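Data from entry36.pdb: PDB, C-alpha atoms
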```
ATOM      1  CA  MET A   1      76.178  82.003 117.541
ATOM      2  CA  ASN A   2      75.367  78.397 116.680
ATOM      3  CA  TRP A   3      77.979  75.685 116.272
ATOM      4  CA  ASN A   4      77.994  75.804 112.431
ATOM      5  CA  ALA A   5      78.537  79.575 112.453
ATOM      6  CA  PHE A   6      81.504  79.079 114.776
ATOM      7  CA  GLU A   7      82.915  76.388 112.481
ATOM      8  CA  ARG A   8      82.506  78.724 109.488
ATOM      9  CA  LEU A   9      84.507  81.333 111.384
ATOM     10  CA  VAL A  10      87.319  78.816 111.975
ATOM     11  CA  VAL A  11      87.279  77.759 108.301
ATOM     12  CA  ALA A  12      87.415  81.414 107.188
ATOM     13  CA  LEU A  13      90.392  82.019 109.502
ATOM     14  CA  LEU A  14      92.161  78.930 108.157
ATOM     15  CA  ALA A  15      91.393  79.797 104.520
ATOM     16  CA  GLY A  16      92.681  83.337 105.104
ATOM     17  CA  ALA A  17      95.913  82.053 106.648
ATOM     18  CA  VAL A  18      96.507  79.555 103.801
ATOM     19  CA  PHE A  19      95.808  82.351 101.302
ATOM     20  CA  GLY A  20      98.189  84.776 103.065
ATOM     21  CA  PHE A  21     100.904  82.113 103.283
ATOM     22  CA  GLY A  22     100.408  81.320  99.592
ATOM     23  CA  LEU A  23     100.719  85.002  98.660
ATOM     24  CA  SER A  24     103.990  85.212 100.640
ATOM     25  CA  LEU A  25     105.445  81.984  99.212
ATOM     26  CA  SER A  26     104.472  82.795  95.617
ATOM     27  CA  GLY A  27     105.966  86.307  95.713
ATOM     28  CA  MET A  28     102.597  87.785  94.756
ATOM     29  CA  ILE A  29     102.652  89.786  97.984
ATOM     30  CA  ASN A  30     105.570  91.772  96.507
ATOM     31  CA  PRO A  31     104.410  94.670  94.260
ATOM     32  CA  ALA A  32     107.824  94.757  92.560
ATOM     33  CA  ARG A  33     107.211  91.188  91.304
ATOM     34  CA  ILE A  34     103.720  92.095  90.056
ATOM     35  CA  ILE A  35     105.132  95.082  88.163
ATOM     36  CA  GLY A  36     107.858  92.769  86.790
ATOM     37  CA  PHE A  37     105.062  90.639  85.328
ATOM     38  CA  LEU A  38     102.778  93.442  84.118
ATOM     39  CA  ASP A  39     105.536  95.629  82.593
ATOM     40  CA  ILE A  40     106.180  93.780  79.343
ATOM     41  CA  ALA A  41     108.646  96.356  77.914
ATOM     42  CA  SER A  42     111.137  96.312  80.801
ATOM     43  CA  GLY A  43     113.464  93.878  78.999
ATOM     44  CA  GLN A  44     113.425  91.553  82.019
ATOM     45  CA  TRP A  45     109.870  90.223  82.047
ATOM     46  CA  ASP A  46     109.096  87.973  85.032
ATOM     47  CA  PRO A  47     106.567  85.268  84.053
ATOM     48  CA  SER A  48     106.226  83.831  87.570
ATOM     49  CA  LEU A  49     102.707  85.215  88.080
ATOM     50  CA  MET A  50     101.551  82.813  85.363
ATOM     51  CA  PHE A  51     102.748  79.937  87.563
ATOM     52  CA  VAL A  52     100.842  81.397  90.527
ATOM     53  CA  LEU A  53      97.573  81.666  88.593
ATOM     54  CA  CYS A  54      97.991  78.217  86.987
ATOM     55  CA  GLY A  55      98.805  76.632  90.357
ATOM     56  CA  ALA A  56      95.757  78.258  91.914
ATOM     57  CA  ILE A  57      93.410  77.081  89.171
ATOM     58  CA  ILE A  58      94.826  73.513  89.211
ATOM     59  CA  VAL A  59      93.580  73.162  92.804
ATOM     60  CA  ALA A  60      90.508  75.427  92.667
ATOM     61  CA  ALA A  61      89.034  73.601  89.638
ATOM     62  CA  PRO A  62      88.645  70.200  91.399
ATOM     63  CA  GLY A  63      87.145  72.170  94.309
ATOM     64  CA  VAL A  64      84.562  73.588  91.911
ATOM     65  CA  MET A  65      83.855  70.113  90.452
ATOM     66  CA  LEU A  66      83.303  68.771  93.967
ATOM     67  CA  GLN A  67      81.068  71.743  94.825
ATOM     68  CA  ARG A  68      78.876  71.079  91.773
ATOM     69  CA  ARG A  69      78.139  67.567  93.063
ATOM     70  CA  MET A  70      77.066  68.894  96.468
ATOM     71  CA  ALA A  71      73.534  70.042  97.292
ATOM     72  CA  LYS A  72      74.874  72.448  99.925
ATOM     73  CA  PRO A  73      78.222  73.357 101.496
ATOM     74  CA  ILE A  74      79.378  71.307 104.486
ATOM     75  CA  LEU A  75      78.788  74.116 107.019
ATOM     76  CA  ASP A  76      75.944  76.160 105.562
ATOM     77  CA  ALA A  77      72.391  75.724 104.284
ATOM     78  CA  ARG A  78      73.201  76.956 100.767
ATOM     79  CA  PHE A  79      75.979  78.147  98.470
ATOM     80  CA  HIS A  80      76.524  81.898  98.190
ATOM     81  CA  LEU A  81      77.580  82.214  94.564
ATOM     82  CA  PRO A  82      77.178  85.117  92.107
ATOM     83  CA  GLU A  83      73.994  84.764  90.071
ATOM     84  CA  LYS A  84      74.603  87.388  87.401
ATOM     85  CA  THR A  85      75.600  86.028  84.003
ATOM     86  CA  GLU A  86      75.544  89.045  81.691
ATOM     87  CA  ILE A  87      78.723  90.917  80.827
ATOM     88  CA  ASP A  88      77.804  94.572  81.331
ATOM     89  CA  ALA A  89      79.551  97.936  81.206
ATOM     90  CA  ARG A  90      79.963  98.079  84.995
ATOM     91  CA  LEU A  91      81.849  94.756  84.996
ATOM     92  CA  LEU A  92      84.202  95.775  82.195
ATOM     93  CA  GLY A  93      84.569  99.419  83.288
ATOM     94  CA  GLY A  94      85.193  98.451  86.907
ATOM     95  CA  SER A  95      87.710  95.781  85.893
ATOM     96  CA  ALA A  96      89.535  98.287  83.662
ATOM     97  CA  ILE A  97      89.704 100.848  86.516
ATOM     98  CA  PHE A  98      90.940  98.131  88.870
ATOM     99  CA  GLY A  99      93.538  96.958  86.321
ATOM    100  CA  ILE A 100      94.935 100.475  85.885
ATOM    101  CA  GLY A 101      95.244 100.855  89.667
ATOM    102  CA  TRP A 102      96.877  97.400  89.882
ATOM    103  CA  GLY A 103      99.412  98.297  87.197
ATOM    104  CA  LEU A 104     100.322 101.663  88.775
ATOM    105  CA  ALA A 105     101.645 100.313  92.088
ATOM    106  CA  GLY A 106     101.502  96.497  91.762
ATOM    107  CA  PHE A 107      98.991  95.929  94.562
ATOM    108  CA  CYS A 108      95.615  94.195  94.419
ATOM    109  CA  PRO A 109      93.366  93.741  97.494
ATOM    110  CA  GLY A 110      94.580  90.353  98.820
ATOM    111  CA  PRO A 111      98.330  91.001  98.802
ATOM    112  CA  ALA A 112      97.841  94.584 100.071
ATOM    113  CA  ILE A 113      95.845  93.510 103.145
ATOM    114  CA  SER A 114      98.176  90.593 103.790
ATOM    115  CA  ALA A 115     101.248  92.872 103.510
ATOM    116  CA  LEU A 116      99.849  95.174 106.232
ATOM    117  CA  SER A 117     101.515  92.803 108.695
ATOM    118  CA  THR A 118     104.949  93.885 107.383
ATOM    119  CA  GLY A 119     104.275  97.311 108.956
ATOM    120  CA  LEU A 120     105.321  99.327 105.881
ATOM    121  CA  THR A 121     103.749 102.811 105.716
ATOM    122  CA  ALA A 122     103.158 102.657 101.957
ATOM    123  CA  VAL A 123     101.077  99.484 102.400
ATOM    124  CA  ALA A 124      98.888 101.183 105.019
ATOM    125  CA  LEU A 125      98.526 104.175 102.695
ATOM    126  CA  PHE A 126      97.392 101.900  99.867
ATOM    127  CA  VAL A 127      94.886  99.993 102.038
ATOM    128  CA  CYS A 128      93.393 103.244 103.420
ATOM    129  CA  ALA A 129      92.995 104.630  99.886
ATOM    130  CA  MET A 130      91.491 101.316  98.725
ATOM    131  CA  ALA A 131      88.983 101.289 101.602
ATOM    132  CA  ALA A 132      88.113 104.915 100.803
ATOM    133  CA  GLY A 133      87.593 103.940  97.152
ATOM    134  CA  MET A 134      85.291 101.062  98.146
ATOM    135  CA  ILE A 135      83.241 103.270 100.478
ATOM    136  CA  LEU A 136      83.131 105.991  97.816
ATOM    137  CA  HIS A 137      81.756 103.463  95.339
ATOM    138  CA  ASP A 138      79.318 101.661  97.644
ATOM    139  CA  ARG A 139      77.854 104.694  99.426
ATOM    140  CA  ILE A 140      78.072 107.509  96.872
ATOM    141  CA  LEU A 141      78.684 106.407  93.281
ATOM    142  CA  THR A 142      76.139 103.565  93.239
ATOM    143  CA  HIS A 143      73.434 105.728  94.816
ATOM    144  CA  ARG A 144      74.047 108.435  92.259
ATOM    145  CA  SER A 145      73.886 105.977  89.344
ATOM    146  CA  HIS A 146      70.596 104.603  90.743
ATOM    147  CA  ASP A 147      69.290 108.173  90.797
ATOM    148  CA  LEU A 148      70.362 108.688  87.196
ATOM    149  CA  ARG A 149      68.560 105.547  86.150
ATOM    150  CA  GLY A 150      65.532 106.797  88.078
TER     151      GLY A 150
ATOM    152  CA  MET B   1     115.843  79.910  88.033
ATOM    153  CA  PHE B   2     112.949  77.438  88.175
ATOM    154  CA  GLU B   3     113.646  76.308  91.719
ATOM    155  CA  GLN B   4     114.325  79.813  93.001
ATOM    156  CA  LEU B   5     111.449  81.721  91.421
ATOM    157  CA  TYR B   6     108.976  79.550  89.578
ATOM    158  CA  LEU B   7     108.673  76.604  91.970
ATOM    159  CA  PRO B   8     107.720  78.818  94.986
ATOM    160  CA  SER B   9     105.310  80.652  92.671
ATOM    161  CA  LEU B  10     103.682  77.392  91.622
ATOM    162  CA  LEU B  11     103.526  76.062  95.208
ATOM    163  CA  GLY B  12     102.181  79.386  96.499
ATOM    164  CA  GLY B  13      99.580  79.292  93.725
ATOM    165  CA  LEU B  14      98.529  75.771  94.745
ATOM    166  CA  LEU B  15      97.912  77.123  98.271
ATOM    167  CA  LEU B  16      95.772  79.970  96.898
ATOM    168  CA  GLY B  17      93.696  77.367  95.052
ATOM    169  CA  LEU B  18      93.482  75.217  98.196
ATOM    170  CA  SER B  19      92.194  78.201 100.181
ATOM    171  CA  ALA B  20      89.576  78.860  97.480
ATOM    172  CA  ALA B  21      88.487  75.197  97.462
ATOM    173  CA  ILE B  22      88.224  75.051 101.282
ATOM    174  CA  LEU B  23      86.090  78.198 101.511
ATOM    175  CA  LEU B  24      83.844  77.023  98.660
ATOM    176  CA  VAL B  25      83.249  73.449  99.846
ATOM    177  CA  PHE B  26      82.917  74.184 103.581
ATOM    178  CA  ASN B  27      81.379  77.676 103.740
ATOM    179  CA  GLY B  28      79.888  77.851 100.240
ATOM    180  CA  ARG B  29      81.655  81.164  99.634
ATOM    181  CA  ILE B  30      83.907  82.598  96.935
ATOM    182  CA  VAL B  31      87.443  83.606  97.959
ATOM    183  CA  GLY B  32      87.064  87.187  96.801
ATOM    184  CA  VAL B  33      89.160  89.549  98.841
ATOM    185  CA  SER B  34      87.574  92.748  97.512
ATOM    186  CA  SER B  35      84.087  91.378  98.276
ATOM    187  CA  ILE B  36      85.144  90.187 101.726
ATOM    188  CA  VAL B  37      86.626  93.613 102.546
ATOM    189  CA  GLY B  38      83.624  95.365 100.991
ATOM    190  CA  ARG B  39      81.211  93.362 103.174
ATOM    191  CA  LEU B  40      83.398  94.121 106.204
ATOM    192  CA  LEU B  41      83.277  97.861 105.444
ATOM    193  CA  GLY B  42      79.520  97.537 104.964
ATOM    194  CA  GLY B  43      79.171  96.254 108.530
ATOM    195  CA  GLN B  44      79.039  92.454 107.997
ATOM    196  CA  ILE B  45      81.713  91.505 110.516
ATOM    197  CA  ALA B  46      81.605  87.682 110.890
ATOM    198  CA  PRO B  47      83.032  85.603 109.251
ATOM    199  CA  ASN B  48      84.735  88.209 107.022
ATOM    200  CA  ILE B  49      86.932  89.491 109.845
ATOM    201  CA  ALA B  50      88.210  85.941 110.460
ATOM    202  CA  PHE B  51      89.403  85.660 106.855
ATOM    203  CA  VAL B  52      91.171  89.048 107.104
ATOM    204  CA  VAL B  53      92.869  88.039 110.370
ATOM    205  CA  GLY B  54      94.062  84.847 108.644
ATOM    206  CA  LEU B  55      95.287  86.879 105.672
ATOM    207  CA  LEU B  56      97.337  89.080 108.036
ATOM    208  CA  ALA B  57      98.710  86.002 109.823
ATOM    209  CA  GLY B  58      99.906  84.433 106.531
ATOM    210  CA  PRO B  59     103.140  86.452 106.145
ATOM    211  CA  ILE B  60     103.896  85.985 109.871
ATOM    212  CA  LEU B  61     103.517  82.200 109.514
ATOM    213  CA  TYR B  62     105.741  82.385 106.416
ATOM    214  CA  ALA B  63     108.393  84.337 108.374
ATOM    215  CA  THR B  64     108.220  81.740 111.152
ATOM    216  CA  ALA B  65     108.591  78.841 108.711
ATOM    217  CA  TYR B  66     111.369  80.320 106.552
ATOM    218  CA  GLY B  67     113.192  82.469 109.098
ATOM    219  CA  ARG B  68     112.705  85.653 107.043
ATOM    220  CA  PRO B  69     109.690  87.799 106.198
ATOM    221  CA  PRO B  70     108.414  87.860 102.599
ATOM    222  CA  VAL B  71     109.937  90.611 100.451
ATOM    223  CA  VAL B  72     107.531  93.532  99.934
ATOM    224  CA  MET B  73     109.028  96.253  97.753
ATOM    225  CA  ILE B  74     106.936  99.210  96.619
ATOM    226  CA  LEU B  75     108.440 101.139  93.725
ATOM    227  CA  ALA B  76     105.647 103.723  93.341
ATOM    228  CA  SER B  77     105.742 107.175  94.999
ATOM    229  CA  SER B  78     103.232 108.023  97.762
ATOM    230  CA  PRO B  79     100.843 110.048  95.534
ATOM    231  CA  LEU B  80     100.874 107.202  93.031
ATOM    232  CA  VAL B  81     100.185 104.655  95.799
ATOM    233  CA  LEU B  82      97.205 106.782  96.928
ATOM    234  CA  ALA B  83      95.803 107.103  93.404
ATOM    235  CA  SER B  84      96.356 103.396  92.805
ATOM    236  CA  GLY B  85      94.535 102.456  96.015
ATOM    237  CA  LEU B  86      91.532 104.622  95.132
ATOM    238  CA  LEU B  87      91.304 103.106  91.627
ATOM    239  CA  VAL B  88      91.606  99.562  93.000
ATOM    240  CA  GLY B  89      88.905 100.285  95.613
ATOM    241  CA  VAL B  90      86.394 101.825  93.192
ATOM    242  CA  GLY B  91      87.214  99.406  90.344
ATOM    243  CA  THR B  92      86.944  96.158  92.311
ATOM    244  CA  ARG B  93      83.567  97.154  93.785
ATOM    245  CA  MET B  94      82.215  98.356  90.435
ATOM    246  CA  GLY B  95      83.515  95.237  88.667
ATOM    247  CA  SER B  96      82.310  92.941  91.504
ATOM    248  CA  GLY B  97      85.696  91.333  92.086
ATOM    249  CA  CYS B  98      89.463  91.283  91.846
ATOM    250  CA  THR B  99      92.379  88.953  91.143
ATOM    251  CA  SER B 100      91.122  86.365  93.646
ATOM    252  CA  GLY B 101      87.353  86.227  93.052
ATOM    253  CA  HIS B 102      87.415  86.686  89.281
ATOM    254  CA  GLY B 103      91.016  85.639  88.505
ATOM    255  CA  ILE B 104      91.165  82.409  90.503
ATOM    256  CA  LEU B 105      87.712  81.136  91.430
ATOM    257  CA  GLY B 106      85.800  82.779  88.588
ATOM    258  CA  VAL B 107      88.209  81.339  86.031
ATOM    259  CA  ALA B 108      88.098  77.919  87.751
ATOM    260  CA  ARG B 109      84.260  78.058  87.545
ATOM    261  CA  LEU B 110      84.561  79.122  83.878
ATOM    262  CA  SER B 111      82.237  82.032  84.657
ATOM    263  CA  LYS B 112      81.864  84.170  81.516
ATOM    264  CA  ARG B 113      81.729  87.344  83.626
ATOM    265  CA  SER B 114      84.917  86.434  85.472
ATOM    266  CA  LEU B 115      86.761  85.443  82.283
ATOM    267  CA  ALA B 116      85.807  88.816  80.748
ATOM    268  CA  ALA B 117      86.776  90.689  83.941
ATOM    269  CA  THR B 118      90.125  88.857  84.213
ATOM    270  CA  ALA B 119      91.016  89.555  80.570
ATOM    271  CA  THR B 120      90.079  93.220  81.101
ATOM    272  CA  PHE B 121      92.051  93.840  84.291
ATOM    273  CA  LEU B 122      95.071  91.932  82.962
ATOM    274  CA  ALA B 123      95.050  94.038  79.773
ATOM    275  CA  ALA B 124      94.572  97.282  81.743
ATOM    276  CA  GLY B 125      97.268  96.270  84.254
ATOM    277  CA  VAL B 126      99.774  95.423  81.517
ATOM    278  CA  THR B 127      99.018  98.738  79.783
ATOM    279  CA  ALA B 128      99.348 100.841  82.958
ATOM    280  CA  ALA B 129     102.528  99.113  84.194
ATOM    281  CA  THR B 130     104.175  99.201  80.769
ATOM    282  CA  VAL B 131     103.374 102.898  80.236
ATOM    283  CA  MET B 132     104.665 103.693  83.741
ATOM    284  CA  GLY B 133     107.817 101.692  82.963
ATOM    285  CA  LEU B 134     108.416 103.628  79.749
ATOM    286  CA  LEU B 135     107.935 106.953  81.596
ATOM    287  CA  ARG B 136     110.481 106.052  84.306
TER     288      ARG B 136
END
```

Mind converting the file's structure to structure tokens?
Amino acid sequence: MNWNAFERLVVALLAGAVFGFGLSLSGMINPARIIGFLDIASGQWDPSLMFVLCGAIIVAAPGVMLQRRMAKPILDARFHLPEKTEIDARLLGGSAIFGIGWGLAGFCPGPAISALSTGLTAVALFVCAMAAGMILHDRILTHRSHDLRG
Amino acid sequence: MFEQLYLPSLLGGLLLGLSAAILLVFNGRIVGVSSIVGRLLGGQIAPNIAFVVGLLAGPILYATAYGRPPVVMILASSPLVLASGLLVGVGTRMGSGCTSGHGILGVARLSKRSLAATATFLAAGVTAATVMGLLR
């Protein structure tokens, strides 16, 4: 492993820790809070997730502006950014399936993985099912859809 | 109300954005937890494992700083948690992202795909949670 690769590892560890701390501080790690935001007919709607998303974008946006002025990232030869631009059925269908799952239990991938460190069985159950869903998609569903398309 | 609930939410959000900015500017990568986990499951260990270790350390650091662990309360039953996990796993891979990659960085980049994905999963999430709430 060269020195830059080691530095990238340290940055990823740091970014993960800041992200996990932010999820804990914001309350987004708590599925009950997420449901409180997503359930709009409960009579006690909790708008705090709006503050989380706004806070995140306030800081991420200058990061993006800085990135656009850079030829390459500080520790790598090039940026690894999504190149697709078209809005297709897989994007919308996948996002709808994800949203339904999110609304059922109040967990999305980041908070669920982060909450594993609380040791709750239900969190482990969710993460195992999520990993199974990802493997199911990546190894079986995508291959089948490629076959269908020929 | 603001200081108890909304201020921590805003500050926590700022940290999520900071994490996204750090990973983008230094490593040239998107903070997308579903993609990071997907790559990990696909056998790309470094540096994805480092991010996941950091993610796990976050709540422990929080507990150390505040003297109490973050509240994690799951209202759903076990079968519902299982179904939810499967849907989140399949959906985030099919839709190429989740709340972090699309919802934070994608929106900050004003990516049309991410804006469409975020609107879709927010609408689907609101629908599912509201229907579940009415059934309870």

Return as a list in words the set of residues that the PyMOL selection byres ((chain B and resi 86) around 10) yields on the displayed structure.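 Selection result, ordered by chain and number: Ile97, Phe98, Gly101, Phe126, Val127, Cys128, Ala129, Met130, Ala131, Ala132, Gly133, Met134, Ile135, Leu136 and His137 of chain A; Leu80, Val81, Leu82, Ala83, Ser84, Gly85, Leu87, Val88, Gly89, Val90 and Gly91 of chain B.
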
Please list as a PDB file with C-alpha atoms, keeping the file's coordinate frame every residue within 10 Å of range 36-45 of chain B, counting all atoms listed in the file and excluding residues in the same chain fewer than 5 positions away.
```
ATOM      1  CA  PRO A 109      93.366  93.741  97.494  1.00  0.00           C
ATOM      2  CA  GLY A 110      94.580  90.353  98.820  1.00  0.00           C
ATOM      3  CA  ILE A 113      95.845  93.510 103.145  1.00  0.00           C
ATOM      4  CA  MET A 130      91.491 101.316  98.725  1.00  0.00           C
ATOM      5  CA  ALA A 131      88.983 101.289 101.602  1.00  0.00           C
ATOM      6  CA  ALA A 132      88.113 104.915 100.803  1.00  0.00           C
ATOM      7  CA  MET A 134      85.291 101.062  98.146  1.00  0.00           C
ATOM      8  CA  ILE A 135      83.241 103.270 100.478  1.00  0.00           C
ATOM      9  CA  ASP A 138      79.318 101.661  97.644  1.00  0.00           C
ATOM     10  CA  ARG A 139      77.854 104.694  99.426  1.00  0.00           C
TER      11      ARG A 139
ATOM     12  CA  ARG B  29      81.655  81.164  99.634  1.00  0.00           C
ATOM     13  CA  ILE B  30      83.907  82.598  96.935  1.00  0.00           C
ATOM     14  CA  VAL B  31      87.443  83.606  97.959  1.00  0.00           C
ATOM     15  CA  ALA B  50      88.210  85.941 110.460  1.00  0.00           C
ATOM     16  CA  PHE B  51      89.403  85.660 106.855  1.00  0.00           C
ATOM     17  CA  VAL B  52      91.171  89.048 107.104  1.00  0.00           C
ATOM     18  CA  GLY B  89      88.905 100.285  95.613  1.00  0.00           C
ATOM     19  CA  THR B  92      86.944  96.158  92.311  1.00  0.00           C
ATOM     20  CA  ARG B  93      83.567  97.154  93.785  1.00  0.00           C
ATOM     21  CA  SER B  96      82.310  92.941  91.504  1.00  0.00           C
ATOM     22  CA  GLY B  97      85.696  91.333  92.086  1.00  0.00           C
ATOM     23  CA  GLY B 101      87.353  86.227  93.052  1.00  0.00           C
TER      24      GLY B 101
END
```

With distances taken over all atoms listed in the file, which of A:Ala124, A:Pro111, A:Ala5, A:Val52 is nearest to chain B?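 Checking each of A:Ala124, A:Pro111, A:Ala5, A:Val52 against chain B, counting all atoms listed in the file, the winner is A:Val52.
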
Determine the axis-aligned bounding box of all atoms of range 61-69 of chain A present in the file, pad each side by 4 Å, and express its centre and edge lengths in Å to one decimal place as JSON.
```
{"center_x": 83.6, "center_y": 70.6, "center_z": 92.2, "size_x": 18.9, "size_y": 14.0, "size_z": 13.2}
```

Which residues would end up in the selection if the PyMOL selection byres ((chain A and resi 9) around 9) were applied here, given that I need the answer as number ranges by chain? A: 4-8, 10-14; B: 46-51

With the file shown as input, list the residues that the PyMOL selection byres ((chain B and resi 125) around 6) selects, as a list of chain:residue names. A:Gly99, A:Ile100, A:Trp102, A:Gly103, B:Phe121, B:Leu122, B:Ala123, B:Ala124, B:Val126, B:Thr127, B:Ala128, B:Ala129

Quick one: distance from CA of Leu115 in chain B to CA of Asn27 in chain B in Å, one decimal?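 So the two atoms, CA of Leu115 in chain B and CA of Asn27 in chain B, lie 23.4 Å apart.
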
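Residues lying within 8 Å of range 8-15 of chain B, counting all atoms listed in the file and ignoring same-chain neighbours fewer than 4 positions away, are Val18, Phe19, Phe21, Gly22, Leu23, Ser24, Leu25, Ser26, Gly27, Met28, Ser48, Leu49, Phe51, Val52, Leu53, Cys54, Gly55, Ala56, Ile57, Ile58 and Val59 of chain A; Glu3, Gln4 and Ser19 of chain B.
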
Excluding range 62-68 of chain A and any residue of its chain fewer than 3 positions from it, enumerate the residues within 9 Å of it, using all atoms listed in the file, and give them as a PDB file with C-alpha atoms, in the frame of the given file.
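This went into part-v1.pdb:
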```pdb
ATOM      1  CA  ILE A  57      93.410  77.081  89.171  1.00  0.00           C
ATOM      2  CA  ILE A  58      94.826  73.513  89.211  1.00  0.00           C
ATOM      3  CA  VAL A  59      93.580  73.162  92.804  1.00  0.00           C
ATOM      4  CA  ALA A  71      73.534  70.042  97.292  1.00  0.00           C
ATOM      5  CA  LYS A  72      74.874  72.448  99.925  1.00  0.00           C
ATOM      6  CA  PRO A  73      78.222  73.357 101.496  1.00  0.00           C
ATOM      7  CA  PHE A  79      75.979  78.147  98.470  1.00  0.00           C
TER       8      PHE A  79
ATOM      9  CA  GLY B  17      93.696  77.367  95.052  1.00  0.00           C
ATOM     10  CA  LEU B  18      93.482  75.217  98.196  1.00  0.00           C
ATOM     11  CA  ALA B  20      89.576  78.860  97.480  1.00  0.00           C
ATOM     12  CA  ALA B  21      88.487  75.197  97.462  1.00  0.00           C
ATOM     13  CA  ILE B  22      88.224  75.051 101.282  1.00  0.00           C
ATOM     14  CA  LEU B  24      83.844  77.023  98.660  1.00  0.00           C
ATOM     15  CA  VAL B  25      83.249  73.449  99.846  1.00  0.00           C
ATOM     16  CA  GLY B  28      79.888  77.851 100.240  1.00  0.00           C
ATOM     17  CA  LEU B 105      87.712  81.136  91.430  1.00  0.00           C
ATOM     18  CA  ALA B 108      88.098  77.919  87.751  1.00  0.00           C
ATOM     19  CA  ARG B 109      84.260  78.058  87.545  1.00  0.00           C
TER      20      ARG B 109
END
```

Counting only C-alpha atoms, closest pick from A:Ser42, A:Gly36, A:Ser114, A:Gly93 relative to Ala17 in chain A is A:Ser114

Provide range 124-136 of chain A rebuilt to N, CA and C atoms, formatted as a PDB file, keeping the file's coordinate frame.
```
ATOM      1  N   ALA A 124     100.024 100.622 104.276  1.00  0.00           N
ATOM      2  CA  ALA A 124      98.888 101.183 105.019  1.00  0.00           C
ATOM      3  C   ALA A 124      98.218 102.287 104.202  1.00  0.00           C
ATOM      4  N   LEU A 125      99.041 103.095 103.541  1.00  0.00           N
ATOM      5  CA  LEU A 125      98.526 104.175 102.695  1.00  0.00           C
ATOM      6  C   LEU A 125      97.639 103.593 101.582  1.00  0.00           C
ATOM      7  N   PHE A 126      98.149 102.536 100.949  1.00  0.00           N
ATOM      8  CA  PHE A 126      97.392 101.900  99.867  1.00  0.00           C
ATOM      9  C   PHE A 126      96.063 101.347 100.386  1.00  0.00           C
ATOM     10  N   VAL A 127      96.104 100.638 101.512  1.00  0.00           N
ATOM     11  CA  VAL A 127      94.886  99.993 102.038  1.00  0.00           C
ATOM     12  C   VAL A 127      93.860 101.047 102.441  1.00  0.00           C
ATOM     13  N   CYS A 128      94.330 102.171 103.050  1.00  0.00           N
ATOM     14  CA  CYS A 128      93.393 103.244 103.420  1.00  0.00           C
ATOM     15  C   CYS A 128      92.741 103.827 102.168  1.00  0.00           C
ATOM     16  N   ALA A 129      93.538 104.077 101.135  1.00  0.00           N
ATOM     17  CA  ALA A 129      92.995 104.630  99.886  1.00  0.00           C
ATOM     18  C   ALA A 129      92.020 103.639  99.249  1.00  0.00           C
ATOM     19  N   MET A 130      92.361 102.347  99.307  1.00  0.00           N
ATOM     20  CA  MET A 130      91.491 101.316  98.725  1.00  0.00           C
ATOM     21  C   MET A 130      90.154 101.261  99.472  1.00  0.00           C
ATOM     22  N   ALA A 131      90.218 101.301 100.806  1.00  0.00           N
ATOM     23  CA  ALA A 131      88.983 101.289 101.602  1.00  0.00           C
ATOM     24  C   ALA A 131      88.153 102.527 101.281  1.00  0.00           C
ATOM     25  N   ALA A 132      88.829 103.685 101.153  1.00  0.00           N
ATOM     26  CA  ALA A 132      88.113 104.915 100.803  1.00  0.00           C
ATOM     27  C   ALA A 132      87.447 104.767  99.440  1.00  0.00           C
ATOM     28  N   GLY A 133      88.147 104.169  98.492  1.00  0.00           N
ATOM     29  CA  GLY A 133      87.593 103.940  97.152  1.00  0.00           C
ATOM     30  C   GLY A 133      86.370 103.038  97.199  1.00  0.00           C
ATOM     31  N   MET A 134      86.427 101.990  98.028  1.00  0.00           N
ATOM     32  CA  MET A 134      85.291 101.062  98.146  1.00  0.00           C
ATOM     33  C   MET A 134      84.080 101.766  98.758  1.00  0.00           C
ATOM     34  N   ILE A 135      84.338 102.554  99.816  1.00  0.00           N
ATOM     35  CA  ILE A 135      83.241 103.270 100.478  1.00  0.00           C
ATOM     36  C   ILE A 135      82.665 104.307  99.518  1.00  0.00           C
ATOM     37  N   LEU A 136      83.565 105.010  98.815  1.00  0.00           N
ATOM     38  CA  LEU A 136      83.131 105.991  97.816  1.00  0.00           C
ATOM     39  C   LEU A 136      82.196 105.335  96.801  1.00  0.00           C
TER      40      LEU A 136
END
```
